[in-house]
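entry-v9.tsv (TSV, C-alpha atoms) appears below.
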```
chain	number	residue	atom	x	y	z
A	607	MET	CA	0.00	0.00	0.00
A	608	GLU	CA	2.93	2.34	0.65
A	609	GLU	CA	3.70	2.73	-3.05
A	610	TYR	CA	0.19	4.11	-3.61
A	611	LYS	CA	0.35	6.68	-0.79
A	612	PHE	CA	1.24	9.39	-3.29
A	613	LEU	CA	-2.36	9.18	-4.57
A	614	LEU	CA	-3.68	10.09	-1.11
A	615	ASP	CA	-1.02	12.82	-0.82
A	616	LEU	CA	-2.15	14.33	-4.12
A	617	ALA	CA	-5.80	14.19	-3.05
A	618	ILE	CA	-4.97	16.05	0.18
A	619	ILE	CA	-2.81	18.62	-1.64
A	620	LEU	CA	-5.47	19.39	-4.27
A	621	ALA	CA	-8.28	19.67	-1.72
A	622	LEU	CA	-6.36	21.88	0.69
A	623	THR	CA	-4.69	24.14	-1.86
A	624	LYS	CA	-8.01	24.90	-3.54
A	625	SER	CA	-9.71	25.50	-0.17
A	626	PHE	CA	-6.97	27.88	0.95
A	627	SER	CA	-6.97	29.59	-2.45
A	628	LEU	CA	-10.67	30.38	-2.02
A	629	ILE	CA	-9.94	31.77	1.44
A	630	SER	CA	-7.17	33.93	-0.04
A	631	ARG	CA	-9.64	35.39	-2.52
A	632	LYS	CA	-11.93	36.31	0.37
A	633	PHE	CA	-9.09	38.48	1.73
A	634	ASN	CA	-8.35	39.94	-1.73
A	635	MET	CA	-5.05	38.07	-1.96
A	636	PRO	CA	-3.82	36.06	-4.98
A	637	PRO	CA	-4.87	32.37	-4.75
A	638	VAL	CA	-1.22	31.32	-4.89
A	639	VAL	CA	-0.73	32.66	-1.35
A	640	GLY	CA	-3.33	30.19	-0.07
A	641	ALA	CA	-1.72	27.33	-1.99
A	642	LEU	CA	1.67	28.09	-0.45
A	643	LEU	CA	0.21	28.28	3.05
A	644	ALA	CA	-1.49	24.94	2.45
A	645	GLY	CA	1.91	23.44	1.64
A	646	ILE	CA	3.37	24.79	4.90
A	647	LEU	CA	0.43	23.40	6.86
A	648	LEU	CA	0.83	19.94	5.31
A	649	GLY	CA	4.63	19.92	5.69
A	650	PRO	CA	6.97	19.26	8.63
A	651	VAL	CA	6.52	22.73	10.15
A	652	VAL	CA	2.89	22.06	11.20
A	653	LEU	CA	1.02	18.79	10.53
A	654	ASN	CA	3.66	16.74	8.68
A	655	LEU	CA	0.95	14.90	6.73
A	656	VAL	CA	2.63	14.91	3.33
A	657	GLU	CA	6.25	14.22	2.41
A	658	PRO	CA	7.72	15.65	-0.79
A	659	SER	CA	8.10	12.28	-2.56
A	660	ASP	CA	9.66	11.85	-6.00
A	661	SER	CA	6.18	11.67	-7.55
A	662	ILE	CA	5.14	15.00	-6.03
A	663	LEU	CA	8.43	16.69	-6.89
A	664	ASN	CA	8.23	15.50	-10.51
A	665	LEU	CA	4.66	16.76	-10.84
A	666	ALA	CA	5.71	20.04	-9.26
A	667	GLU	CA	8.44	20.41	-11.88
A	668	VAL	CA	5.91	19.78	-14.66
A	669	GLY	CA	3.67	22.37	-13.00
A	670	VAL	CA	6.23	25.17	-13.16
A	671	VAL	CA	7.17	24.21	-16.74
A	672	VAL	CA	3.54	24.41	-17.88
A	673	LEU	CA	3.04	27.68	-15.99
A	674	MET	CA	5.95	29.30	-17.82
A	675	PHE	CA	4.69	27.89	-21.13
A	676	GLU	CA	1.37	29.65	-20.50
A	677	ALA	CA	3.26	32.87	-19.77
A	678	GLY	CA	5.11	32.53	-23.06
A	679	LEU	CA	1.85	32.03	-24.96
A	680	GLU	CA	0.52	35.27	-23.45
A	681	THR	CA	3.65	37.29	-24.26
A	682	ASP	CA	3.34	40.25	-26.61
A	683	ILE	CA	6.36	39.90	-28.93
A	684	ASP	CA	6.32	43.56	-29.94
A	685	GLU	CA	6.42	44.71	-26.32
A	686	LEU	CA	9.14	42.14	-25.56
A	687	LYS	CA	11.31	43.55	-28.36
A	688	GLU	CA	10.84	47.07	-27.04
A	689	SER	CA	11.86	46.01	-23.53
A	690	GLY	CA	15.01	44.14	-24.67
A	691	LEU	CA	17.65	46.65	-23.51
A	692	PRO	CA	15.66	47.78	-20.44
A	693	ALA	CA	15.17	44.14	-19.45
A	694	PHE	CA	18.92	43.56	-19.61
A	695	ILE	CA	19.68	46.61	-17.48
A	696	ILE	CA	16.99	45.66	-14.94
A	697	ALA	CA	18.29	42.10	-14.76
A	698	LEU	CA	21.91	43.22	-14.39
A	699	CYS	CA	21.06	45.56	-11.51
A	700	GLY	CA	18.89	42.82	-10.01
A	701	VAL	CA	21.89	40.48	-9.99
A	702	VAL	CA	24.65	42.83	-8.78
A	703	VAL	CA	22.81	44.29	-5.76
A	704	PRO	CA	21.63	40.94	-4.25
A	705	LEU	CA	25.06	39.39	-4.94
A	706	ILE	CA	26.81	42.10	-2.94
A	707	GLY	CA	24.15	42.15	-0.21
A	708	GLY	CA	24.19	38.38	0.35
A	709	ALA	CA	28.00	38.16	0.28
A	710	VAL	CA	28.43	41.01	2.79
A	711	LEU	CA	25.89	39.47	5.17
A	712	ALA	CA	27.60	36.08	5.04
A	713	LEU	CA	31.03	37.64	5.63
A	714	VAL	CA	29.69	39.52	8.65
A	715	TYR	CA	28.24	36.23	9.92
A	716	GLY	CA	31.74	34.72	9.72
A	717	THR	CA	31.71	32.46	6.66
A	718	GLU	CA	34.64	31.98	4.31
A	719	ILE	CA	34.87	34.15	1.21
A	720	LEU	CA	33.83	31.47	-1.30
A	721	GLU	CA	30.80	30.46	0.75
A	722	ALA	CA	29.87	34.11	1.27
A	723	VAL	CA	30.00	34.79	-2.47
A	724	PHE	CA	27.94	31.68	-3.14
A	725	ILE	CA	25.23	32.85	-0.72
A	726	GLY	CA	25.20	36.06	-2.74
A	727	VAL	CA	24.80	33.98	-5.91
A	728	ILE	CA	21.76	32.27	-4.36
A	729	LEU	CA	20.16	35.68	-3.81
A	730	THR	CA	20.63	36.62	-7.47
A	731	ALA	CA	18.13	33.93	-8.51
A	732	THR	CA	14.68	34.95	-9.70
A	733	SER	CA	11.69	32.67	-10.21
A	734	VAL	CA	8.79	34.44	-11.87
A	735	SER	CA	6.40	31.48	-11.79
A	736	ILE	CA	4.65	32.89	-8.69
A	737	THR	CA	4.72	36.39	-10.16
A	738	VAL	CA	3.22	35.11	-13.42
A	739	GLU	CA	0.35	33.46	-11.53
A	740	ALA	CA	-0.30	36.63	-9.50
A	741	LEU	CA	-0.20	38.88	-12.58
A	742	GLN	CA	-2.49	36.49	-14.48
A	743	ASP	CA	-5.02	36.60	-11.63
A	744	MET	CA	-4.99	40.41	-11.71
A	745	GLY	CA	-5.01	40.60	-15.52
A	746	LYS	CA	-1.69	42.48	-15.53
A	747	LEU	CA	0.59	39.96	-17.26
A	748	LYS	CA	0.35	41.79	-20.58
A	749	GLY	CA	1.66	45.34	-20.71
A	750	PRO	CA	5.01	47.08	-20.19
A	751	VAL	CA	5.46	46.01	-16.56
A	752	GLY	CA	4.61	42.33	-17.06
A	753	THR	CA	6.73	42.12	-20.21
A	754	ALA	CA	9.68	43.84	-18.51
A	755	ILE	CA	9.49	41.40	-15.59
A	756	LEU	CA	9.41	38.35	-17.86
A	757	GLY	CA	12.20	39.64	-20.10
A	758	ALA	CA	14.38	40.58	-17.13
A	759	ALA	CA	13.73	37.22	-15.48
A	760	ILE	CA	14.99	35.34	-18.55
A	761	ILE	CA	18.17	37.43	-18.67
A	762	ASP	CA	18.50	37.07	-14.88
A	763	ASP	CA	18.36	33.30	-15.34
A	764	ILE	CA	21.16	33.42	-17.93
A	765	LEU	CA	23.35	35.65	-15.74
A	766	GLY	CA	22.64	33.37	-12.76
A	767	ILE	CA	23.69	30.30	-14.73
A	768	ILE	CA	26.97	32.00	-15.68
A	769	LEU	CA	27.66	32.86	-12.02
A	770	LEU	CA	26.70	29.36	-10.89
A	771	SER	CA	28.94	27.75	-13.50
A	772	ILE	CA	31.88	29.89	-12.39
A	773	MET	CA	31.34	29.08	-8.71
A	774	THR	CA	30.78	25.35	-9.20
A	775	SER	CA	33.87	25.11	-11.42
A	776	ILE	CA	35.84	26.61	-8.53
A	777	GLY	CA	34.19	24.39	-5.91
A	778	GLY	CA	34.26	21.20	-7.95
A	779	ALA	CA	37.89	21.42	-9.02
A	780	GLY	CA	39.37	23.38	-6.15
A	781	GLY	CA	40.13	26.36	-8.35
A	782	PHE	CA	38.93	28.53	-11.21
A	783	GLN	CA	38.66	26.69	-14.53
A	784	ILE	CA	38.10	29.03	-17.46
A	785	GLN	CA	37.50	26.02	-19.74
A	786	SER	CA	34.41	25.01	-17.75
A	787	VAL	CA	32.97	28.52	-17.89
A	788	LEU	CA	33.58	28.83	-21.64
A	789	LEU	CA	31.99	25.41	-22.18
A	790	ILE	CA	28.82	26.51	-20.33
A	791	LEU	CA	28.64	29.74	-22.34
A	792	GLY	CA	29.11	27.79	-25.57
A	793	LYS	CA	26.34	25.36	-24.66
A	794	MET	CA	23.98	28.25	-23.87
A	795	LEU	CA	24.64	29.88	-27.23
A	796	ALA	CA	24.14	26.52	-28.95
A	797	PHE	CA	20.80	26.02	-27.19
A	798	PHE	CA	19.42	29.39	-28.29
A	799	ALA	CA	20.71	28.89	-31.83
A	800	ILE	CA	19.15	25.43	-32.14
A	801	SER	CA	15.90	26.61	-30.53
A	802	GLY	CA	15.70	29.61	-32.82
A	803	ILE	CA	16.29	27.64	-36.02
A	804	GLY	CA	14.13	24.70	-34.95
A	805	GLY	CA	11.46	27.07	-33.66
A	806	ILE	CA	10.93	28.49	-37.16
A	807	ALA	CA	10.21	25.01	-38.54
A	808	VAL	CA	7.97	24.10	-35.59
A	809	LYS	CA	5.99	27.34	-35.94
A	810	LYS	CA	5.42	26.71	-39.66
A	811	PHE	CA	4.21	23.19	-38.87
A	812	PHE	CA	1.71	24.48	-36.31
A	813	GLU	CA	0.53	27.20	-38.69
A	814	TRP	CA	-0.16	24.51	-41.30
A	815	LEU	CA	-1.89	22.29	-38.75
A	816	SER	CA	-4.01	25.19	-37.46
A	817	THR	CA	-5.30	26.10	-40.91
A	818	TYR	CA	-5.57	22.58	-42.36
A	819	LYS	CA	-9.02	22.16	-43.93
A	820	ASP	CA	-10.87	18.87	-44.33
A	821	PRO	CA	-14.09	17.25	-43.03
A	822	GLY	CA	-12.25	16.34	-39.82
A	823	ILE	CA	-11.25	19.96	-39.06
A	824	GLN	CA	-12.41	19.76	-35.44
A	825	ARG	CA	-10.42	16.60	-34.91
A	826	HIS	CA	-7.26	18.25	-36.26
A	827	ARG	CA	-7.88	21.32	-34.11
A	828	ARG	CA	-7.97	19.21	-30.97
A	829	ARG	CA	-4.53	17.82	-31.73
A	830	VAL	CA	-2.91	21.26	-31.60
A	831	PRO	CA	-2.86	21.72	-27.77
A	832	VAL	CA	-1.50	18.19	-27.26
A	833	LEU	CA	1.33	18.72	-29.76
A	834	ALA	CA	2.00	22.19	-28.31
A	835	LEU	CA	2.38	20.75	-24.81
A	836	SER	CA	4.65	18.05	-26.20
A	837	PHE	CA	6.80	20.72	-27.83
A	838	CYS	CA	6.95	22.64	-24.53
A	839	LEU	CA	8.15	19.61	-22.56
A	840	ALA	CA	10.70	18.70	-25.24
A	841	LEU	CA	12.20	22.19	-25.31
A	842	ALA	CA	12.27	22.30	-21.49
A	843	PHE	CA	14.22	19.03	-21.55
A	844	LEU	CA	16.56	20.35	-24.23
A	845	ALA	CA	17.25	23.41	-22.09
A	846	GLU	CA	18.33	21.22	-19.18
A	847	VAL	CA	20.55	19.16	-21.51
A	848	PHE	CA	22.35	22.38	-22.46
A	849	GLY	CA	22.69	23.49	-18.83
A	850	ILE	CA	19.84	26.04	-18.81
A	851	ALA	CA	16.83	25.99	-16.50
A	852	ASP	CA	13.88	24.04	-17.93
A	853	ILE	CA	11.53	26.97	-17.27
A	854	THR	CA	13.53	29.05	-19.77
A	855	GLY	CA	12.96	26.39	-22.44
A	856	ALA	CA	9.25	26.24	-21.59
A	857	TYR	CA	8.88	30.02	-21.79
A	858	LEU	CA	10.75	30.06	-25.11
A	859	ALA	CA	8.36	27.38	-26.44
A	860	GLY	CA	5.43	29.63	-25.55
A	861	ILE	CA	7.04	32.61	-27.29
A	862	ILE	CA	7.61	30.54	-30.46
A	863	LEU	CA	3.89	29.63	-30.56
A	864	CYS	CA	2.42	32.90	-29.22
A	865	ARG	CA	1.50	34.25	-32.67
A	866	LEU	CA	-0.33	31.16	-33.88
A	867	PRO	CA	-3.97	31.58	-34.92
A	868	GLU	CA	-4.81	28.87	-32.36
A	869	ARG	CA	-2.82	30.31	-29.44
A	870	PHE	CA	-5.92	31.18	-27.41
A	871	TYR	CA	-7.34	27.71	-27.97
A	872	ILE	CA	-4.03	26.14	-26.91
A	873	HIS	CA	-3.85	28.33	-23.80
A	874	ARG	CA	-7.45	27.61	-22.80
A	875	LYS	CA	-7.02	23.83	-23.03
A	876	ILE	CA	-3.67	23.75	-21.21
A	877	GLU	CA	-4.93	26.14	-18.53
A	878	VAL	CA	-7.54	23.56	-17.48
A	879	LEU	CA	-4.86	20.92	-16.88
A	880	SER	CA	-2.67	23.46	-15.10
A	881	TYR	CA	-5.38	24.92	-12.87
A	882	MET	CA	-6.96	21.62	-11.87
A	883	PHE	CA	-3.91	19.49	-11.21
A	884	ILE	CA	-0.23	20.22	-11.70
A	885	THR	CA	0.14	23.90	-10.72
A	886	PRO	CA	-1.37	23.44	-7.19
A	887	VAL	CA	1.12	20.60	-6.62
A	888	PHE	CA	4.00	22.91	-7.56
A	889	PHE	CA	2.92	25.67	-5.17
A	890	ALA	CA	2.31	23.23	-2.32
A	891	SER	CA	5.70	21.54	-2.84
A	892	ILE	CA	7.51	24.76	-1.88
A	893	GLY	CA	5.82	24.77	1.54
A	894	LEU	CA	6.51	21.05	1.98
A	895	ASN	CA	10.27	21.72	1.80
A	896	VAL	CA	10.31	24.01	4.84
A	897	ASN	CA	11.93	22.49	7.95
A	898	VAL	CA	13.10	24.64	10.87
A	899	GLN	CA	14.35	21.91	13.21
A	900	GLY	CA	17.82	22.38	14.72
A	901	MET	CA	18.12	26.13	14.06
A	902	GLY	CA	19.91	28.09	16.83
A	903	GLN	CA	19.44	31.73	17.76
A	904	SER	CA	22.29	33.07	15.61
A	905	LEU	CA	21.06	31.14	12.59
A	906	ILE	CA	17.52	32.42	13.13
A	907	ILE	CA	18.83	36.00	13.16
A	908	PHE	CA	20.85	35.26	10.02
A	909	THR	CA	17.69	33.88	8.37
A	910	ILE	CA	15.67	37.00	9.22
A	911	VAL	CA	18.35	39.38	7.91
A	912	LEU	CA	18.87	37.19	4.81
A	913	SER	CA	15.14	37.37	4.03
A	914	VAL	CA	15.09	41.16	4.46
A	915	ILE	CA	18.11	41.59	2.19
A	916	ALA	CA	16.59	39.21	-0.36
A	917	VAL	CA	13.46	41.34	-0.61
A	918	LEU	CA	15.07	44.79	-0.51
A	919	SER	CA	17.98	43.98	-2.82
A	920	LYS	CA	15.68	42.96	-5.69
A	921	ILE	CA	13.29	45.87	-5.18
A	922	ILE	CA	16.16	48.36	-5.00
A	923	GLY	CA	18.32	46.77	-7.69
A	924	CYS	CA	15.60	46.14	-10.27
A	925	GLY	CA	13.75	49.32	-9.28
A	926	VAL	CA	16.82	51.49	-9.85
A	927	GLY	CA	17.44	49.73	-13.16
A	928	ALA	CA	13.83	50.39	-14.20
A	929	ILE	CA	14.07	54.08	-13.23
A	930	PHE	CA	17.27	54.34	-15.25
A	931	CYS	CA	15.29	52.94	-18.21
A	932	LYS	CA	12.71	55.72	-17.76
A	933	TYR	CA	9.93	53.70	-16.13
A	934	GLY	CA	7.80	55.63	-13.64
A	935	LYS	CA	8.33	55.29	-9.89
A	936	ARG	CA	5.26	53.10	-9.40
A	937	GLU	CA	6.13	50.94	-12.42
A	938	SER	CA	9.70	50.59	-11.11
A	939	LEU	CA	8.39	49.41	-7.73
A	940	GLN	CA	6.07	46.96	-9.47
A	941	ILE	CA	8.95	45.56	-11.54
A	942	GLY	CA	11.14	45.28	-8.43
A	943	ALA	CA	8.38	43.50	-6.53
A	944	GLY	CA	7.82	41.15	-9.46
A	945	MET	CA	11.47	40.06	-9.30
A	946	VAL	CA	11.48	39.41	-5.53
A	947	CYS	CA	10.39	35.76	-5.67
A	948	ARG	CA	13.25	33.23	-5.57
A	949	GLY	CA	11.17	30.04	-5.81
A	950	GLU	CA	12.64	26.74	-6.91
A	951	VAL	CA	15.58	28.37	-8.71
A	952	ALA	CA	17.28	29.40	-5.44
A	953	LEU	CA	16.67	25.93	-3.99
A	954	ILE	CA	18.31	24.27	-6.98
A	955	VAL	CA	21.32	26.63	-6.75
A	956	ALA	CA	21.66	25.91	-3.01
A	957	GLN	CA	21.50	22.13	-3.56
A	958	LYS	CA	24.22	22.31	-6.22
A	959	GLY	CA	26.33	24.41	-3.85
A	960	ILE	CA	26.04	21.76	-1.14
A	961	ALA	CA	26.94	19.04	-3.65
A	962	VAL	CA	30.26	20.70	-4.61
A	963	GLY	CA	31.11	21.87	-1.09
A	964	LEU	CA	30.50	25.59	-1.57
A	965	LEU	CA	27.61	25.73	0.91
A	966	SER	CA	27.31	24.01	4.28
A	967	GLU	CA	24.07	22.12	4.94
A	968	ALA	CA	23.39	24.34	7.97
A	969	PHE	CA	22.54	27.19	5.57
A	970	PHE	CA	19.98	25.21	3.58
A	971	ALA	CA	17.14	25.81	6.09
A	972	PRO	CA	17.70	29.61	6.05
A	973	VAL	CA	17.70	29.52	2.24
A	974	VAL	CA	14.43	27.56	2.17
A	975	ILE	CA	12.80	30.00	4.61
A	976	MET	CA	14.08	32.95	2.57
A	977	VAL	CA	12.58	31.35	-0.54
A	978	LEU	CA	9.28	30.89	1.25
A	979	VAL	CA	9.23	34.49	2.54
A	980	THR	CA	9.96	35.95	-0.89
A	981	THR	CA	7.48	33.59	-2.53
A	982	LEU	CA	4.70	34.59	-0.14
A	983	LEU	CA	5.57	38.28	-0.17
A	984	ALA	CA	5.92	38.78	-3.94
A	985	PRO	CA	2.21	38.32	-4.84
A	986	ILE	CA	1.13	40.34	-1.80
A	987	LEU	CA	3.40	43.25	-2.78
A	988	LEU	CA	2.17	43.09	-6.37
A	989	LYS	CA	-1.44	43.13	-5.21
A	990	LEU	CA	-0.81	46.20	-3.08
A	991	LEU	CA	1.19	48.03	-5.75
A	992	PHE	CA	-1.30	47.36	-8.56
A	993	THR	CA	-4.46	48.17	-6.61
A	994	SER	CA	-3.47	50.95	-4.18
```
Is it possible to express this structure as structure tokens?
Amino acid sequence: MEEYKFLLDLAIILALTKSFSLISRKFNMPPVVGALLAGILLGPVVLNLVEPSDSILNLAEVGVVVLMFEAGLETDIDELKESGLPAFIIALCGVVVPLIGGAVLALVYGTEILEAVFIGVILTATSVSITVEALQDMGKLKGPVGTAILGAAIIDDILGIILLSIMTSIGGAGGFQIQSVLLILGKMLAFFAISGIGGIAVKKFFEWLSTYKDPGIQRHRRRVPVLALSFCLALAFLAEVFGIADITGAYLAGIILCRLPERFYIHRKIEVLSYMFITPVFFASIGLNVNVQGMGQSLIIFTIVLSVIAVLSKIIGCGVGAIFCKYGKRESLQIGAGMVCRGEVALIVAQKGIAVGLLSEAFFAPVVIMVLVTTLLAPILLKLLFTS
């Protein structure tokens, strides 16, 4: 019976996340806040009813991939082109400020230089999956602010991968290896080149399939969302093969298909799967990973300060970058708040740091709590900034 327990776990997660999401709406908060709180309640911090098994973690990964694919489908290409340079500047400022802030805090706490820098690298991460959900709920995903956030997040991911590759090459080999860094950069360029060339062929195929006329037109139309989801998952996998986060591949898949005649039909069909099943599992899985056992007073203080720096460094860094790019003060705050969430990206970076000896396991709990704080706070800040 133990091998089937994941079915009961999923039933509990779906029921509780949807119940808490409805409660969140009652308090005018994004539903994702309720889903995250449901994960905390079910995890080791409170009830300890559900363990993050491999089945749940795999479904959670599919959930974030599909969520970013939806965001790509909703992207306005013209607005994305216009925000290209501003997105780079925003992302660069949003990497430099958290990197310095996290490293200084860790040095003050007494860590070694490499570990301090790596903690700064963790703070550079940005996961916009929560932000995307919050902006979708408020109908603000399209527009200059939403497009700037998504564009900056993609560039932030690329810059973060470069930093991570540099640090892990140092930690894994006991010293800096320029060959490893150049190899990572080459693989990233190869991924975008292959995706761009292949994307043209894929788009033409979908355009043909969308307009194909015969007595079975409805049957052909129903195949489009299935093939689109297949393309999303394949490109997400390809991204990981080339050393890039799978969510970047999923978002790129959505961008490739966002100008199809059937894009709204694709989005509507995939949204049902996402809303009913896999996305709630993703949000709940973040809360399930929180464990505060064994934390002393000094580590608790470090965790609190780390969380404060994580929030302020993104708001200040990205906000200043946005102001420099001639966004208004309110828009700059909105962009900064949209980049606050660290999500699963920071957790993955931390786990890789532990694997190569750059981060001690004692710091993993503070990182998880910081991720949770930023994940909970990001949609709340966005709600306040867009409605006040």
Which one is closest to Gly900 (chain A): A:Ala968, A:Ile683, A:Leu789, A:Ile761? Count all atoms listed in the file. A:Ala968
Pairwise distance for CA of Arg874 (chain A) and CA of Val808 (chain A), rounded to one decimal in Å: 20.3 Å
When you count all atoms listed in the file, which of these residues is closest to Leu648 (chain A): A:Ile618, A:Leu905, A:Ile764, A:Ala943?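 Nearest candidate to Leu648 (chain A) out of A:Ile618, A:Leu905, A:Ile764, A:Ala943: A:Ile618.
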Neighbourhood query: residues within 6 Å of (5.1, 37.0, -25.1), file coordinates, counting only C-alpha atoms; return as a PyMOL selection string. chain A and resi 678-683+861
Enter the distance from CA of Thr730 (chain A) to CA of Gly690 (chain A), in Å, rounded to one decimal.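 Computing the Euclidean distance for CA of Thr730 (chain A) and CA of Gly690 (chain A) yields 19.6 Å.
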Of the candidates A:Gly925, A:Gly963, A:Gly902, A:Pro637, which shows the shortest atom-to-atom distance to Asp743 (chain A), using all atoms listed in the file? A:Pro637
Shell of 12 Å around region 658-664 of chain A, all atoms listed in the file, local chain residues under 3 positions omitted, as a PyMOL selection string: chain A and resi 608-620+645-646+648-650+654-655+667-671+883-897+950
If we count all atoms listed in the file and set the cut-off at 9 Å, which residues sit around Gly959 (chain A), ignoring sequence neighbours fewer than 2 positions away in its own chain? Please answer as a ChimeraX atom specification. /A:721,724,770,773-774,777,954-957,961-966
Quote the spacing between CA of Gln940 (chain A) and CA of Leu988 (chain A) in Å to one decimal place.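 Between CA of Gln940 (chain A) and CA of Leu988 (chain A) the gap works out to 6.3 Å.
Here the question is which of A:Gly805, A:Pro972, A:Pro985, A:Pro867 gets nearest to Glu739 (chain A) using only C-alpha atoms, and that residue is A:Pro985.
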Counting all atoms listed in the file, find the residues whose atoms lie at most 10 Å from (5.1, 19.4, -22.1) (file coordinates) and write them out as a ChimeraX atom specification. /A:668-669,671-672,675,832-843,856,859,876
Identify, on the basis of only C-alpha atoms, every residue whose closest approach to Gly708 (chain A) does not exceed 7 Å; exclude the query and any residue fewer than 2 positions from it along the same chain; express the result as a short mmCIF file (atom, residue, chain, number, x, y, z; two decimals) with C-alpha atoms, in the frame of the given file.
```cif
data_model
loop_
_atom_site.label_atom_id
_atom_site.label_comp_id
_atom_site.auth_asym_id
_atom_site.auth_seq_id
_atom_site.Cartn_x
_atom_site.Cartn_y
_atom_site.Cartn_z
CA PRO A 704 21.63 40.94 -4.25
CA LEU A 705 25.06 39.39 -4.94
CA ILE A 706 26.81 42.10 -2.94
CA VAL A 710 28.43 41.01 2.79
CA LEU A 711 25.89 39.47 5.17
CA ALA A 712 27.60 36.08 5.04
CA ILE A 725 25.23 32.85 -0.72
CA GLY A 726 25.20 36.06 -2.74
CA LEU A 729 20.16 35.68 -3.81
#
```
